[in-house]
file model16.pdb (PDB, C-alpha atoms)
ATOM      1  CA  MET T   1      26.149 -14.336  17.049
ATOM      2  CA  LYS T   2      28.761 -13.513  14.403
ATOM      3  CA  VAL T   3      26.293 -14.291  11.598
ATOM      4  CA  LEU T   4      23.578 -12.188  13.271
ATOM      5  CA  LYS T   5      25.987  -9.279  13.606
ATOM      6  CA  MET T   6      26.871  -9.525   9.900
ATOM      7  CA  LEU T   7      23.182  -9.466   8.927
ATOM      8  CA  VAL T   8      22.504  -6.384  11.041
ATOM      9  CA  LEU T   9      25.521  -4.551   9.665
ATOM     10  CA  ARG T  10      24.590  -5.365   6.075
ATOM     11  CA  ARG T  11      21.018  -4.193   6.505
ATOM     12  CA  ALA T  12      22.179  -0.966   8.106
ATOM     13  CA  SER T  13      24.649  -0.319   5.296
ATOM     14  CA  GLY T  14      22.181  -0.952   2.467
ATOM     15  CA  PHE T  15      23.030  -4.567   1.714
ATOM     16  CA  CYS T  16      20.415  -7.285   1.553
ATOM     17  CA  PRO T  17      21.215 -10.806   2.777
ATOM     18  CA  GLY T  18      17.902 -12.163   1.490
ATOM     19  CA  LYS T  19      19.240 -13.567  -1.775
ATOM     20  CA  CYS T  20      22.855 -14.059  -0.685
ATOM     21  CA  ARG T  21      23.876 -17.592   0.129
ATOM     22  CA  ASP T  22      27.540 -16.845   0.845
ATOM     23  CA  LEU T  23      27.478 -14.463   3.808
ATOM     24  CA  SER T  24      31.076 -13.486   3.195
ATOM     25  CA  ARG T  25      30.099 -11.952  -0.165
ATOM     26  CA  PRO T  26      27.525  -9.136   0.184
ATOM     27  CA  CYS T  27      24.579  -8.972  -2.208
ATOM     28  CA  ARG T  28      23.257  -5.597  -3.337
ATOM     29  CA  VAL T  29      19.572  -4.734  -3.020
ATOM     30  CA  ARG T  30      17.780  -5.204  -6.342
ATOM     31  CA  ASP T  31      17.566  -1.889  -8.243
ATOM     32  CA  LEU T  32      13.865  -1.164  -7.734
ATOM     33  CA  SER T  33      13.498   2.549  -8.160
ATOM     34  CA  THR T  34      12.700   4.295 -11.425
ATOM     35  CA  THR T  35      13.226   7.740  -9.913
ATOM     36  CA  ALA T  36      16.338   9.875 -10.216
ATOM     37  CA  SER T  37      17.343   9.304  -6.584
ATOM     38  CA  ARG T  38      17.626   5.548  -6.661
ATOM     39  CA  ASN T  39      16.680   3.320  -3.728
ATOM     40  CA  THR T  40      16.128   6.265  -1.381
ATOM     41  CA  VAL T  41      13.053   8.307  -2.331
ATOM     42  CA  MET T  42      10.010   8.072  -4.601
ATOM     43  CA  PRO T  43       7.034  10.213  -5.707
ATOM     44  CA  ALA T  44       3.826   9.940  -3.659
ATOM     45  CA  TRP T  45       0.662  11.773  -2.603
ATOM     46  CA  VAL T  46       0.841  12.449   1.136
ATOM     47  CA  ILE T  47      -0.765  14.476   3.897
ATOM     48  CA  ASP T  48       1.126  16.139   6.746
ATOM     49  CA  LYS T  49      -1.994  16.779   8.819
ATOM     50  CA  TYR T  50      -5.690  15.955   8.697
ATOM     51  CA  GLY T  51      -8.083  18.262   6.896
ATOM     52  CA  ALA T  52      -9.736  19.000   3.534
ATOM     53  CA  ASN T  53      -8.258  18.841   0.034
ATOM     54  CA  GLU T  54      -5.704  21.540   0.780
ATOM     55  CA  VAL T  55      -3.732  19.157   3.024
ATOM     56  CA  LEU T  56      -2.916  16.922   0.042
ATOM     57  CA  ARG T  57       0.673  17.299  -1.101
ATOM     58  CA  PHE T  58       2.528  15.734  -4.013
ATOM     59  CA  THR T  59       6.164  15.008  -3.233
ATOM     60  CA  LYS T  60       9.031  13.364  -5.067
ATOM     61  CA  ASN T  61      10.904  12.759  -1.817
ATOM     62  CA  MET T  62       8.826  10.167   0.042
ATOM     63  CA  ILE T  63      11.037   7.615   1.771
ATOM     64  CA  PHE T  64      11.412   4.442  -0.283
ATOM     65  CA  PRO T  65       9.606   1.482   1.388
ATOM     66  CA  VAL T  66      11.570  -1.504   2.658
ATOM     67  CA  ILE T  67      10.688  -5.063   3.569
ATOM     68  CA  CYS T  68      10.635  -5.350   7.357
ATOM     69  CA  TYR T  69       9.046  -8.796   7.737
ATOM     70  CA  PRO T  70       9.742 -12.041   5.824
ATOM     71  CA  ASN T  71       6.144 -12.314   4.557
ATOM     72  CA  GLU T  72       6.143  -8.924   2.783
ATOM     73  CA  VAL T  73       6.504  -7.947  -0.864
ATOM     74  CA  ILE T  74       7.323  -4.661  -2.586
ATOM     75  CA  ILE T  75       4.937  -3.786  -5.419
ATOM     76  CA  LYS T  76       5.636  -1.355  -8.245
ATOM     77  CA  VAL T  77       2.348   0.538  -8.514
ATOM     78  CA  HIS T  78       0.837   0.601 -12.011
ATOM     79  CA  ALA T  79      -2.616   1.792 -10.902
ATOM     80  CA  ALA T  80      -4.359   2.802  -7.673
ATOM     81  CA  SER T  81      -7.884   3.951  -6.891
ATOM     82  CA  ILE T  82      -9.716   6.230  -4.471
ATOM     83  CA  ASN T  83     -12.271   4.960  -1.974
ATOM     84  CA  PRO T  84     -14.477   6.770   0.569
ATOM     85  CA  ILE T  85     -12.137   5.575   3.315
ATOM     86  CA  ASP T  86      -9.327   7.623   1.750
ATOM     87  CA  VAL T  87     -11.434  10.778   1.889
ATOM     88  CA  ASN T  88     -12.422  10.000   5.482
ATOM     89  CA  MET T  89      -8.831   9.243   6.509
ATOM     90  CA  ARG T  90      -7.761  12.545   4.990
ATOM     91  CA  ASN T  91     -10.269  14.181   7.354
ATOM     92  CA  GLY T  92      -8.863  12.262  10.338
ATOM     93  CA  TYR T  93     -11.455   9.484  10.570
ATOM     94  CA  GLY T  94     -10.238   6.660  12.795
ATOM     95  CA  ALA T  95      -6.882   8.318  13.474
ATOM     96  CA  ARG T  96      -6.724   7.322  17.153
ATOM     97  CA  ALA T  97      -7.660   3.688  16.523
ATOM     98  CA  LEU T  98      -5.328   3.395  13.523
ATOM     99  CA  ASN T  99      -2.435   4.902  15.470
ATOM    100  CA  MET T 100      -2.985   2.320  18.212
ATOM    101  CA  ARG T 101      -2.741  -0.368  15.544
ATOM    102  CA  ARG T 102       0.429   1.210  14.116
ATOM    103  CA  ASP T 103       1.993   1.716  17.552
ATOM    104  CA  PRO T 104       0.336  -0.610  20.108
ATOM    105  CA  LEU T 105       3.010   0.079  22.759
ATOM    106  CA  ILE T 106       2.563   3.867  22.372
ATOM    107  CA  MET T 107       6.281   4.427  21.857
ATOM    108  CA  LYS T 108       5.914   7.203  19.265
ATOM    109  CA  ASP T 109       4.833  10.797  19.687
ATOM    110  CA  ILE T 110       1.525  12.148  18.402
ATOM    111  CA  GLY T 111       1.719  12.897  14.685
ATOM    112  CA  GLN T 112       4.397  10.311  13.915
ATOM    113  CA  GLU T 113       2.152   8.787  11.233
ATOM    114  CA  PHE T 114       2.936  11.755   8.981
ATOM    115  CA  PRO T 115       3.708  12.099   6.176
ATOM    116  CA  LEU T 116       0.852   9.669   5.534
ATOM    117  CA  THR T 117       0.229   8.162   2.107
ATOM    118  CA  LEU T 118      -3.424   7.478   1.278
ATOM    119  CA  GLY T 119      -4.797   4.801  -1.062
ATOM    120  CA  ARG T 120      -5.884   1.233  -0.316
ATOM    121  CA  ASP T 121      -6.186  -0.448  -3.730
ATOM    122  CA  VAL T 122      -3.274  -1.272  -5.978
ATOM    123  CA  SER T 123      -2.491  -3.194  -9.126
ATOM    124  CA  GLY T 124       1.102  -3.623 -10.173
ATOM    125  CA  VAL T 125       4.160  -5.841 -10.399
ATOM    126  CA  VAL T 126       6.074  -7.586  -7.619
ATOM    127  CA  MET T 127       9.602  -6.204  -7.386
ATOM    128  CA  GLU T 128      10.966  -7.907  -4.264
ATOM    129  CA  CYS T 129       9.864 -10.680  -1.901
ATOM    130  CA  GLY T 130      10.580 -11.433   1.741
ATOM    131  CA  LEU T 131      12.385 -14.635   2.669
ATOM    132  CA  SER T 132       9.211 -16.565   3.576
ATOM    133  CA  VAL T 133       7.218 -15.571   0.466
ATOM    134  CA  THR T 134       6.842 -18.564  -1.844
ATOM    135  CA  TYR T 135       3.598 -17.868  -3.712
ATOM    136  CA  PHE T 136       4.935 -14.797  -5.536
ATOM    137  CA  LYS T 137       8.135 -13.913  -7.342
ATOM    138  CA  PRO T 138       9.547 -10.709  -8.858
ATOM    139  CA  GLY T 139       7.738  -9.920 -12.102
ATOM    140  CA  ASP T 140       4.343 -11.318 -11.072
ATOM    141  CA  GLN T 141       1.392  -9.066 -11.871
ATOM    142  CA  VAL T 142      -0.724  -8.695  -8.728
ATOM    143  CA  TRP T 143      -3.521  -6.741  -7.107
ATOM    144  CA  ALA T 144      -4.020  -6.017  -3.420
ATOM    145  CA  ALA T 145      -6.012  -4.230  -0.737
ATOM    146  CA  VAL T 146      -3.647  -2.596   1.771
ATOM    147  CA  PRO T 147      -5.016  -2.151   5.333
ATOM    148  CA  PRO T 148      -5.652   1.437   6.496
ATOM    149  CA  TRP T 149      -2.969   1.355   9.220
ATOM    150  CA  LYS T 150      -0.236   0.913   6.587
ATOM    151  CA  GLN T 151       1.240   3.435   4.173
ATOM    152  CA  GLY T 152      -1.003   3.622   1.122
ATOM    153  CA  THR T 153      -0.823   3.006  -2.581
ATOM    154  CA  LEU T 154      -0.781   6.552  -4.013
ATOM    155  CA  SER T 155       2.962   6.209  -4.497
ATOM    156  CA  GLU T 156       5.472   4.652  -6.867
ATOM    157  CA  PHE T 157       6.056   1.601  -4.652
ATOM    158  CA  VAL T 158       4.160   0.068  -1.741
ATOM    159  CA  VAL T 159       4.854  -2.730   0.748
ATOM    160  CA  ALA T 160       2.144  -5.294   1.486
ATOM    161  CA  SER T 161       1.933  -8.610   3.310
ATOM    162  CA  ALA T 162       1.708 -11.589   0.987
ATOM    163  CA  ASN T 163      -1.694 -12.523   2.437
ATOM    164  CA  GLU T 164      -3.028  -9.132   1.270
ATOM    165  CA  VAL T 165      -1.962  -9.808  -2.326
ATOM    166  CA  SER T 166      -3.303 -12.009  -5.142
ATOM    167  CA  HIS T 167      -2.319 -12.627  -8.727
ATOM    168  CA  LYS T 168      -4.090 -10.148 -10.990
ATOM    169  CA  PRO T 169      -6.678 -11.721 -13.325
ATOM    170  CA  LYS T 170      -5.220 -11.776 -16.838
ATOM    171  CA  SER T 171      -8.513 -10.522 -18.274
ATOM    172  CA  LEU T 172      -8.215  -7.208 -16.387
ATOM    173  CA  SER T 173      -5.937  -4.266 -17.089
ATOM    174  CA  HIS T 174      -4.072  -2.699 -14.170
ATOM    175  CA  THR T 175      -6.543   0.188 -14.165
ATOM    176  CA  GLU T 176      -9.535  -2.150 -14.046
ATOM    177  CA  ALA T 177      -7.935  -4.341 -11.381
ATOM    178  CA  ALA T 178      -7.079  -1.399  -9.135
ATOM    179  CA  SER T 179     -10.723  -0.312  -9.037
ATOM    180  CA  LEU T 180     -11.926  -3.527  -7.399
ATOM    181  CA  PRO T 181     -10.145  -4.969  -4.314
ATOM    182  CA  TYR T 182     -11.146  -2.728  -1.408
ATOM    183  CA  VAL T 183     -14.584  -1.770  -2.674
ATOM    184  CA  ALA T 184     -15.391  -5.372  -3.629
ATOM    185  CA  LEU T 185     -14.328  -6.663  -0.214
ATOM    186  CA  THR T 186     -16.330  -3.914   1.486
ATOM    187  CA  ALA T 187     -19.428  -4.706  -0.586
ATOM    188  CA  TRP T 188     -19.067  -8.432   0.057
ATOM    189  CA  SER T 189     -18.661  -7.853   3.802
ATOM    190  CA  ALA T 190     -21.716  -5.572   3.906
ATOM    191  CA  LEU T 191     -23.880  -8.029   1.992
ATOM    192  CA  SER T 192     -22.768 -11.240   3.682
ATOM    193  CA  LYS T 193     -21.809 -10.187   7.220
ATOM    194  CA  VAL T 194     -24.204  -7.289   7.829
ATOM    195  CA  GLY T 195     -27.001  -8.065   5.392
ATOM    196  CA  GLY T 196     -26.848 -11.808   5.984
ATOM    197  CA  LEU T 197     -27.152 -12.583   2.267
ATOM    198  CA  ASN T 198     -25.838 -15.808   0.790
ATOM    199  CA  GLY T 199     -26.427 -18.063  -2.175
ATOM    200  CA  LYS T 200     -29.553 -19.524  -0.606
ATOM    201  CA  ASN T 201     -31.477 -16.428   0.499
ATOM    202  CA  CYS T 202     -30.611 -13.607  -1.914
ATOM    203  CA  LYS T 203     -32.903 -14.534  -4.822
ATOM    204  CA  GLY T 204     -35.088 -11.591  -5.830
ATOM    205  CA  LYS T 205     -33.469  -9.159  -3.397
ATOM    206  CA  ARG T 206     -31.998  -5.794  -4.419
ATOM    207  CA  PHE T 207     -29.393  -3.490  -2.885
ATOM    208  CA  ARG T 208     -28.148   0.028  -3.525
ATOM    209  CA  ILE T 209     -24.561   1.205  -4.027
ATOM    210  CA  THR T 210     -23.852   4.867  -3.194
ATOM    211  CA  PRO T 211     -21.034   6.437  -5.254
ATOM    212  CA  LEU T 212     -18.183   8.506  -3.830
ATOM    213  CA  GLN T 213     -19.558  11.973  -3.097
ATOM    214  CA  ASP T 214     -16.346  14.008  -2.782
ATOM    215  CA  LYS T 215     -15.643  14.207  -6.520
ATOM    216  CA  ARG T 216     -13.275  17.136  -5.985
ATOM    217  CA  PHE T 217     -10.839  14.861  -4.131
ATOM    218  CA  TRP T 218     -10.361  12.680  -7.194
ATOM    219  CA  ASP T 219     -10.396  15.619  -9.610
ATOM    220  CA  LEU T 220      -7.520  17.245  -7.725
ATOM    221  CA  LEU T 221      -5.370  14.124  -7.958
ATOM    222  CA  ARG T 222      -6.272  13.518 -11.595
ATOM    223  CA  LEU T 223      -5.441  17.061 -12.701
ATOM    224  CA  GLN T 224      -2.120  17.044 -10.863
ATOM    225  CA  LEU T 225      -1.152  13.694 -12.369
ATOM    226  CA  LEU T 226      -2.005  14.978 -15.848
ATOM    227  CA  ASP T 227       0.299  17.957 -15.264
TER     228      ASP T 227
END
call {"tool": "encode", "arguments": {"input": "model16.pdb", "output": "structure tokens"}}
result
Amino acid sequence: MKVLKMLVLRRASGFCPGKCRDLSRPCRVRDLSTTASRNTVMPAWVIDKYGANEVLRFTKNMIFPVICYPNEVIIKVHAASINPIDVNMRNGYGARALNMRRDPLIMKDIGQEFPLTLGRDVSGVVMECGLSVTYFKPGDQVWAAVPPWKQGTLSEFVVASANEVSHKPKSLSHTEAASLPYVALTAWSALSKVGGLNGKNCKGKRFRITPLQDKRFWDLLRLQLLD
């Protein structure tokens, strides 16, 4: 009980017991942030309500993500991409179902998902690992597809479960890698699960890929980032 109390107090006061073997000597959280306000806030693209492009807001004061479960990692975002699901989520698509996934016991009020960070794909570098993560270590270059019920990747840092992350192929840049995970998984699921295609029955067959239609969504983000 004494040890548990020490762990709770250290987490509440900003100390991290994850790498500390001697519980009598506190261990500071690794210095992750590259922003002026260290370890507290970060820049991110967020929405405060559902709607069109005008609901997008760039902020430098998004709350810094923390590891809440032992199988999670914090990733420093080097590149992220836009998918149709991001445009649809901006409009409110699936909000009720996603909120049930975020809060299955319905303990939060309506609108507690805001400010909501969009973005599913990410390529970057692991900055911190949970206690049960053994396949990754700080400094590893990775790519990931973050589920839609979690805070997204259009931010400086993002938290993901280790099973949502893989080592980035060395042949790909961060920009190239960030363009693939979610869309590739979606395409594979559509072809194999819905279309029933596999290595034995797809010879000679063709399929069509429809590009993202809301070009203004991406243009807005790109222009703001260039500024």
call {"tool": "atom_distance", "arguments": {"input": "model16.pdb", "atom1": "CA of Val41 in chain T", "atom2": "CA of Pro65 in chain T"}}
result
8.5 Å
call {"tool": "resolve_selection", "arguments": {"input": "model16.pdb", "expression": "the PyMOL selection byres ((chain T and resi 68-82) around 6)", "output": "PyMOL selection string"}}
result
chain T and resi 67+83+121-133+156-162+174-175+178-179
call {"tool": "closest_residue", "arguments": {"input": "model16.pdb", "among": "T:Glu176, T:Tyr93, T:Glu113, T:Leu185", "to": "Ala145 in chain T", "atoms": "all atoms listed in the file"}}
result
T:Leu185
call {"tool": "axis_aligned_box", "arguments": {"input": "model16.pdb", "around": "range 173-181 of chain T", "padding_each_side": "5 Å", "output": "JSON"}}
result
{"center_x": -8.0, "center_y": -2.4, "center_z": -10.7, "size_x": 17.9, "size_y": 15.2, "size_z": 22.8}
call {"tool": "atom_distance", "arguments": {"input": "model16.pdb", "atom1": "CA of Ile85 in chain T", "atom2": "CA of Gly119 in chain T"}}
result
8.6 Å
call {"tool": "atom_distance", "arguments": {"input": "model16.pdb", "atom1": "CA of Asp48 in chain T", "atom2": "CA of Leu154 in chain T"}}
result
14.5 Å
call {"tool": "resolve_selection", "arguments": {"input": "model16.pdb", "expression": "the PyMOL selection byres ((chain T and resi 51) around 7)", "output": "PyMOL selection string"}}
result
chain T and resi 49-50+52-53+55+90-92
call {"tool": "residues_around", "arguments": {"input": "model16.pdb", "residues": "range 166-168 of chain T", "least_positions_apart": "3", "cutoff": "7 Å", "atoms": "all atoms listed in the file", "output": "ChimeraX atom specification"}}
result
/T:141-144,177
call {"tool": "resolve_selection", "arguments": {"input": "model16.pdb", "expression": "the PyMOL selection byres ((chain T and resi 110) around 12)", "output": "compact mmCIF listing (two decimals) with C-alpha atoms, keeping the file's coordinate frame"}}
result
# COMPACT_ATOMS: atom_id res chain seq x y z
CA LYS T 49 -1.99 16.78 8.82
CA ALA T 95 -6.88 8.32 13.47
CA ARG T 96 -6.72 7.32 17.15
CA ASN T 99 -2.44 4.90 15.47
CA MET T 100 -2.98 2.32 18.21
CA ARG T 102 0.43 1.21 14.12
CA ASP T 103 1.99 1.72 17.55
CA ILE T 106 2.56 3.87 22.37
CA MET T 107 6.28 4.43 21.86
CA LYS T 108 5.91 7.20 19.26
CA ASP T 109 4.83 10.80 19.69
CA GLY T 111 1.72 12.90 14.68
CA GLN T 112 4.40 10.31 13.92
CA GLU T 113 2.15 8.79 11.23
CA PHE T 114 2.94 11.76 8.98
call {"tool": "residues_around", "arguments": {"input": "model16.pdb", "residues": "Ile63 in chain T", "least_positions_apart": "3", "cutoff": "9 Å", "atoms": "all atoms listed in the file", "output": "list in words"}}
result
Asn39, Thr40, Val41, Met42 and Pro43 of chain T
call {"tool": "closest_residue", "arguments": {"input": "model16.pdb", "among": "T:Leu172, T:Leu116, T:Cys202, T:Val146", "to": "Met89 in chain T", "atoms": "all atoms listed in the file"}}
result
T:Leu116
call {"tool": "closest_residue", "arguments": {"input": "model16.pdb", "among": "T:Leu98, T:Val87, T:Val194, T:Ala184", "to": "Pro147 in chain T", "atoms": "only C-alpha atoms"}}
result
T:Leu98
